[in-house]
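Structure first, commentary second.
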Amino acid sequence: MTALFQNYGRRPLEIVEGKGTVVKDSNGKSYLDFTSGIAVVSLGHANERLVHVLNEQSKKMWHTSNLFESSGQEQLAQQLTNDTHLSRALFCNSGAEANEAMMKLARKHTGKSTIITFEQSFHGRTFGTMAATGQDKVKEGFGSMLESFITVPYNDPEALRQAMSHDVAGIMLEVIQGEGGVTKVTDEFAETIVEMSKTYGALILVDEVQTGIGRTGTRYAYEQTVIEPDIISLAKGLGGGFPVGAIVAKEKFAKDFGPGTHGTTFGGNPLAMAVANEVIATIFDASFLQEVEKKGAHLKEAIQRELPADVQVRGEGLLIGIKKEGWKAQDALVAAEEKGLLTVAAGNEVLRLVPPLTVTNEEIDEAVSILKDVLQTM
Ligand SMILES: *Cc1c(COP(=O)(O)O)cnc(C)c1O
């Protein structure tokens with residue numbers, strides 16, 4: 001018997017401790033963790049610096065609410081906007097909440113309601129973000145969806161042109177679709193988005209919940225495209241495992257979120273801010289980001305060298321997907337787990353490799369060698 005809702009397809013193992021990329025289950029078996037809690041544990045498990053700042057903050061103050069000033073929030077907002085075209089941040093507790101804030105801000109600023117989103121996108125499980133998500137399986141059984149979303153095929157410039165009108169408040173996208181199969185925006189499509197945004201006065205909203213905070217080798221993934229977003233949303237990697245979300249926006253939005261317009265009780269709490277400030281201080285360092293890019297290239301090369309020629313590799317930095325014609329990604333996931341490698345599926349056909357950004361080349365080689373074994377026996 002269980003008192004838990006069975007709303008997750010859980011693997012039958014419990015991970016009880018970890019250090020860096022290596023975790024142990026309750027039976028003492030070790031694994032290389034190429035899930036990092038779905039692209040969350042960006043600096044590895046039990047990172048000493050993060051443990052330290054969390055412990056220190058926990059002795060001083062856990063929670064004061066947004067009734068009072070917060071130097072932790074001020075500092076994190078500064079760090080997230082430094083050397084970018086963005087200048088205002090707001091903190092919340094999850095990716096879906098960040099996307100809710102992003103969509104509300106876009107609607108308030110433009111006075112329009114329609115938001116264009118893309119097939120195979122994933123934006124969250126709340127009432128609004130569920131409607132924004134371009135995957136039927138997320139919406140099934142939940143009745144009529146919130147209106148004013150238009151879902152358009154991804155990377156299809158003509159379809160986007162057709163869908164545009166002066167009623168569109170914003171175009172919302174992941175520049176690499178994470179849950180949807182690790183699919184990257186094409187250069188042509190990114191250019192079309194920028195053009196449509198200009199022509200119709202529509203905002204560009206980039207969901208960086210999975211791709212942001214160094215995951216793809218740059219601070220934010222949009223930096224690798226021609227897109228200069230009006231607003232971005234963040235969560236997963238931002239707290240290195242501590243729950244925290246954010247939106248970061250251009251200065252022109254400052255007046256739209258005035259006192260009393262939007263908020264959350266827990267958003268920007270001192271524990272989350274202490275950890276996230278340390279995460280950003282570490283990751284937003286040019287040499288750290290360069291390492292992520294190099295390790296991502298190493299992972300891609302190892303896959304291409306060691307795995308069968310019909311294995312496709314996609315993604316950027318340490319957000320990598322592999323796909324093989326006719327396989328079920330879940331079968332590979334289970335087989336890899338038996339051999340000591342944890343991975344996460346992205347849809348039915350793509351296996352996602354999202355290790356901590358602190359992963360070593362040796363760990364990458366070991367993971368690829370396990371995948372090689374898996375594919376030989378499948
Ligand atoms: C995970 C994810 C979300 C939802 O984040 P939660 O913290 O689970 O609400 C939204 N967008 C993208 C791109 C994600 O990967």
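We name chains A, B, ... following the order of the structure tokens; residues begin at 1 in each chain, and ligands are numbered from 1 as shown.
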**Request:** Would you mind listing the residues within 9 Å of ligand 1, counting only C-alpha atoms and all ligand atoms, as a ChimeraX atom specification?
**Result:** /A:38-39,93-99,121-126,129,133,173-174,176-180,207-211,233-236,243-245
**Item:** 6 Å contact set for Trp62 of chain A, only C-alpha atoms, chain neighbours under 4 positions out, as a list in words
**Value:**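 Answer for this query is Ser58, Pro270 and Leu271 of chain A.
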May I have the residues from that selection written out with all heavy atoms, as a compact mmCIF listing (two decimals), in the first residue's frame?
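Saved file selection27.txt follows:
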# COMPACT_ATOMS: atom_id res chain seq x y z
N SER A 58 21.25 29.18 7.10
CA SER A 58 20.21 28.53 7.91
C SER A 58 20.33 28.90 9.38
O SER A 58 19.34 28.81 10.11
CB SER A 58 20.27 27.00 7.73
OG SER A 58 21.36 26.48 8.45
N PRO A 270 15.61 33.74 1.77
CA PRO A 270 17.05 33.87 2.03
C PRO A 270 17.86 32.59 1.78
O PRO A 270 19.01 32.69 1.35
CB PRO A 270 17.11 34.24 3.52
CG PRO A 270 15.78 34.86 3.81
CD PRO A 270 14.80 34.16 2.93
N LEU A 271 17.28 31.43 2.02
CA LEU A 271 18.03 30.19 1.79
C LEU A 271 18.30 30.01 0.30
O LEU A 271 19.42 29.74 -0.13
CB LEU A 271 17.25 28.98 2.33
CG LEU A 271 17.01 28.96 3.85
CD1 LEU A 271 16.02 27.86 4.22
CD2 LEU A 271 18.31 28.79 4.61
**Item:** Exercise: segment 310-321 of chain A partners within 9 Å, only C-alpha atoms, chain neighbours under 3 positions left out, as a VMD selection string
**Value:** chain A and resid 39 176 178 181 to 184 210 to 211 214 to 218 221 292 to 297 299 to 300 303 to 304 307 324 to 325 345 to 346 350 to 357
Produce a file of the selected residues containing N, CA, C and O atoms, as a compact mmCIF listing (two decimals), in the first residue's frame.
# COMPACT_ATOMS: atom_id res chain seq x y z
N ALA A 39 18.56 18.13 -14.84
CA ALA A 39 19.30 19.38 -15.14
C ALA A 39 19.24 20.39 -14.00
O ALA A 39 19.24 21.59 -14.23
N ILE A 176 16.40 25.38 -27.04
CA ILE A 176 16.55 23.93 -27.22
C ILE A 176 15.40 23.30 -26.44
O ILE A 176 15.31 23.49 -25.22
N GLY A 178 13.80 20.88 -24.31
CA GLY A 178 14.38 19.86 -23.42
C GLY A 178 13.53 18.62 -23.33
O GLY A 178 13.92 17.55 -23.81
N GLY A 181 12.53 16.51 -26.67
CA GLY A 181 13.42 15.69 -27.49
C GLY A 181 14.77 16.33 -27.80
O GLY A 181 15.47 15.90 -28.71
N VAL A 182 15.18 17.35 -27.07
CA VAL A 182 16.48 18.02 -27.26
C VAL A 182 16.59 18.52 -28.70
O VAL A 182 17.52 18.15 -29.45
N THR A 183 15.63 19.33 -29.10
CA THR A 183 15.60 19.87 -30.45
C THR A 183 15.96 21.35 -30.40
O THR A 183 15.33 22.12 -29.68
N LYS A 184 16.95 21.71 -31.21
CA LYS A 184 17.45 23.08 -31.19
C LYS A 184 16.74 23.93 -32.23
O LYS A 184 16.39 23.44 -33.30
N GLN A 210 15.29 25.04 -18.48
CA GLN A 210 16.21 23.91 -18.58
C GLN A 210 17.55 24.31 -19.21
O GLN A 210 18.61 23.81 -18.82
N THR A 211 17.52 25.22 -20.17
CA THR A 211 18.73 25.55 -20.94
C THR A 211 19.61 26.60 -20.28
O THR A 211 20.78 26.74 -20.64
N GLY A 214 24.21 28.15 -17.67
CA GLY A 214 25.42 27.44 -18.07
C GLY A 214 25.21 26.07 -18.69
O GLY A 214 26.17 25.46 -19.19
N ARG A 215 24.01 25.56 -18.68
CA ARG A 215 23.75 24.18 -19.13
C ARG A 215 24.25 23.92 -20.55
O ARG A 215 24.74 22.85 -20.86
N THR A 216 24.12 24.92 -21.43
CA THR A 216 24.50 24.70 -22.82
C THR A 216 25.87 25.30 -23.17
O THR A 216 26.22 25.40 -24.33
N GLY A 217 26.60 25.73 -22.14
CA GLY A 217 27.95 26.26 -22.38
C GLY A 217 28.02 27.78 -22.42
O GLY A 217 29.11 28.35 -22.51
N THR A 218 26.86 28.45 -22.38
CA THR A 218 26.83 29.90 -22.22
C THR A 218 25.89 30.17 -21.03
O THR A 218 25.13 29.28 -20.63
N ALA A 221 21.04 30.10 -23.04
CA ALA A 221 21.16 29.48 -24.37
C ALA A 221 20.83 30.47 -25.48
O ALA A 221 21.34 30.35 -26.60
N VAL A 292 32.52 23.90 -19.63
CA VAL A 292 31.26 23.22 -19.95
C VAL A 292 31.19 22.94 -21.45
O VAL A 292 30.85 21.84 -21.89
N GLU A 293 31.56 23.96 -22.23
CA GLU A 293 31.54 23.81 -23.67
C GLU A 293 32.49 22.69 -24.11
O GLU A 293 32.14 21.84 -24.93
N LYS A 294 33.69 22.68 -23.53
CA LYS A 294 34.68 21.65 -23.89
C LYS A 294 34.21 20.26 -23.51
O LYS A 294 34.38 19.31 -24.26
N LYS A 295 33.64 20.15 -22.30
CA LYS A 295 33.18 18.83 -21.86
C LYS A 295 32.00 18.35 -22.71
O LYS A 295 31.88 17.17 -23.01
N GLY A 296 31.16 19.31 -23.13
CA GLY A 296 30.05 18.96 -24.02
C GLY A 296 30.58 18.44 -25.34
O GLY A 296 30.08 17.43 -25.87
N ALA A 297 31.62 19.09 -25.87
CA ALA A 297 32.22 18.66 -27.15
C ALA A 297 32.84 17.27 -26.97
O ALA A 297 32.72 16.40 -27.83
N LEU A 299 31.90 14.97 -24.85
CA LEU A 299 30.80 13.99 -24.77
C LEU A 299 30.26 13.67 -26.17
O LEU A 299 30.08 12.49 -26.52
N LYS A 300 30.06 14.70 -26.97
CA LYS A 300 29.54 14.46 -28.34
C LYS A 300 30.52 13.62 -29.16
O LYS A 300 30.12 12.69 -29.85
N ILE A 303 30.52 10.01 -28.08
CA ILE A 303 29.32 9.32 -28.58
C ILE A 303 29.50 8.95 -30.04
O ILE A 303 29.24 7.82 -30.46
N GLN A 304 29.98 9.92 -30.83
CA GLN A 304 30.14 9.66 -32.27
C GLN A 304 31.21 8.61 -32.55
O GLN A 304 31.09 7.82 -33.48
N LEU A 307 29.76 4.95 -30.19
CA LEU A 307 28.43 4.34 -30.36
C LEU A 307 28.18 4.03 -31.85
O LEU A 307 28.80 4.63 -32.71
N LYS A 324 18.21 6.64 -31.54
CA LYS A 324 18.53 5.58 -32.49
C LYS A 324 17.22 5.15 -33.12
O LYS A 324 16.23 4.98 -32.41
N GLU A 325 17.21 5.00 -34.42
CA GLU A 325 15.98 4.62 -35.12
C GLU A 325 15.40 3.35 -34.53
O GLU A 325 16.12 2.38 -34.32
N ALA A 345 14.81 10.18 -20.04
CA ALA A 345 14.26 10.20 -21.39
C ALA A 345 13.73 11.59 -21.72
O ALA A 345 13.39 12.38 -20.83
N ALA A 346 13.68 11.91 -23.01
CA ALA A 346 13.03 13.13 -23.50
C ALA A 346 12.09 12.67 -24.59
O ALA A 346 12.49 12.52 -25.73
N VAL A 350 14.20 9.75 -27.43
CA VAL A 350 15.48 10.41 -27.14
C VAL A 350 15.89 10.16 -25.69
O VAL A 350 15.08 10.27 -24.77
N LEU A 351 17.15 9.78 -25.52
CA LEU A 351 17.71 9.61 -24.19
C LEU A 351 18.55 10.86 -23.90
O LEU A 351 19.39 11.25 -24.70
N ARG A 352 18.27 11.48 -22.75
CA ARG A 352 18.92 12.74 -22.42
C ARG A 352 20.08 12.51 -21.46
O ARG A 352 19.95 11.77 -20.50
N LEU A 353 21.21 13.15 -21.76
CA LEU A 353 22.38 13.08 -20.90
C LEU A 353 22.62 14.49 -20.35
O LEU A 353 23.00 15.39 -21.09
N VAL A 354 22.32 14.66 -19.07
CA VAL A 354 22.43 15.99 -18.45
C VAL A 354 23.17 15.87 -17.11
O VAL A 354 22.59 16.04 -16.05
N PRO A 355 24.49 15.59 -17.19
CA PRO A 355 25.26 15.44 -15.95
C PRO A 355 25.44 16.78 -15.25
O PRO A 355 25.18 17.82 -15.86
N PRO A 356 25.89 16.78 -14.00
CA PRO A 356 26.29 18.05 -13.39
C PRO A 356 27.32 18.74 -14.28
O PRO A 356 28.10 18.05 -14.97
N LEU A 357 27.35 20.06 -14.27
CA LEU A 357 28.30 20.80 -15.12
C LEU A 357 29.74 20.58 -14.65
O LEU A 357 30.69 20.91 -15.35
**Message:** as a list of chain:residue names, please: every residue in segment 46-164 of chain A that a backbone DSSP assignment puts in strand (DSSP E or B).
**Reply:** A:Arg88, A:Ala89, A:Leu90, A:Phe91, A:Cys92, A:Thr114, A:Ile115, A:Ile116, A:Thr117, A:Phe118, A:Phe149, A:Ile150, A:Thr151, A:Val152
Selected residues written out, N, CA and C atoms, as a compact mmCIF listing (two decimals), in the first residue's frame:
# COMPACT_ATOMS: atom_id res chain seq x y z
N ARG A 88 15.96 43.61 -15.03
CA ARG A 88 15.05 43.45 -13.89
C ARG A 88 14.77 41.98 -13.63
N ALA A 89 14.82 41.57 -12.36
CA ALA A 89 14.54 40.18 -12.02
C ALA A 89 13.46 40.10 -10.96
N LEU A 90 12.80 38.95 -10.94
CA LEU A 90 11.77 38.67 -9.93
C LEU A 90 11.90 37.19 -9.60
N PHE A 91 11.81 36.85 -8.31
CA PHE A 91 12.08 35.46 -7.92
C PHE A 91 10.82 34.72 -7.48
N CYS A 92 10.81 33.43 -7.82
CA CYS A 92 9.72 32.53 -7.44
C CYS A 92 10.34 31.18 -7.10
N THR A 114 -2.93 36.95 -26.61
CA THR A 114 -2.51 35.75 -27.36
C THR A 114 -1.01 35.49 -27.21
N ILE A 115 -0.70 34.24 -26.92
CA ILE A 115 0.71 33.84 -26.87
C ILE A 115 0.91 32.66 -27.81
N ILE A 116 1.92 32.78 -28.67
CA ILE A 116 2.24 31.69 -29.59
C ILE A 116 3.26 30.78 -28.93
N THR A 117 2.96 29.49 -28.91
CA THR A 117 3.93 28.52 -28.40
C THR A 117 4.09 27.42 -29.45
N PHE A 118 4.98 26.44 -29.18
CA PHE A 118 5.36 25.50 -30.24
C PHE A 118 5.09 24.04 -29.89
N PHE A 149 -3.91 30.65 -26.44
CA PHE A 149 -2.62 30.12 -26.89
C PHE A 149 -2.78 29.59 -28.31
N ILE A 150 -1.80 29.86 -29.16
CA ILE A 150 -1.78 29.27 -30.50
C ILE A 150 -0.53 28.41 -30.57
N THR A 151 -0.70 27.13 -30.89
CA THR A 151 0.44 26.22 -30.96
C THR A 151 0.83 26.00 -32.41
N VAL A 152 2.09 26.23 -32.72
CA VAL A 152 2.58 26.24 -34.09
C VAL A 152 3.72 25.20 -34.19
**Request:** From the DSSP assignment of the backbone, select every residue of segment 3-175 of chain A that is helix (DSSP H, G or I), and format the answer as number ranges by chain.
**Result:** A: 36-39, 48-60, 71-81, 95-110, 127-132, 136-139, 157-163
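The gap separating atom CA of Val275 of chain A from atom CA of Gln57 of chain A is 8.9 Å, in Å to one decimal.
The closest residue to Gly347 of chain A, picked from A:Leu76, A:Ile322, A:Ile171, A:Leu146 and counting only C-alpha atoms, is A:Ile322.
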**Prompt:** Residues at most 6 Å from Ala202 of chain A, counting only C-alpha atoms, excluding those fewer than 6 positions away in the same chain, as number ranges by chain?
**Reply:** A: 168-170
**Request:** Tell me which of A:Val368, A:Ala254, A:Ala332, A:Val138 sits closest to Arg305 of chain A, counting only C-alpha atoms.
**Result:**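 Using only C-alpha atoms, the shortest distance to Arg305 of chain A belongs to A:Val368.
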**Item:** Counting only C-alpha atoms, the residue of A:Ala274, A:Leu13, A:Ala336, A:Ile247 that sits nearest Lys60 of chain A
**Value:**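 Among A:Ala274, A:Leu13, A:Ala336, A:Ile247, it is A:Ala274 that comes nearest to Lys60 of chain A.
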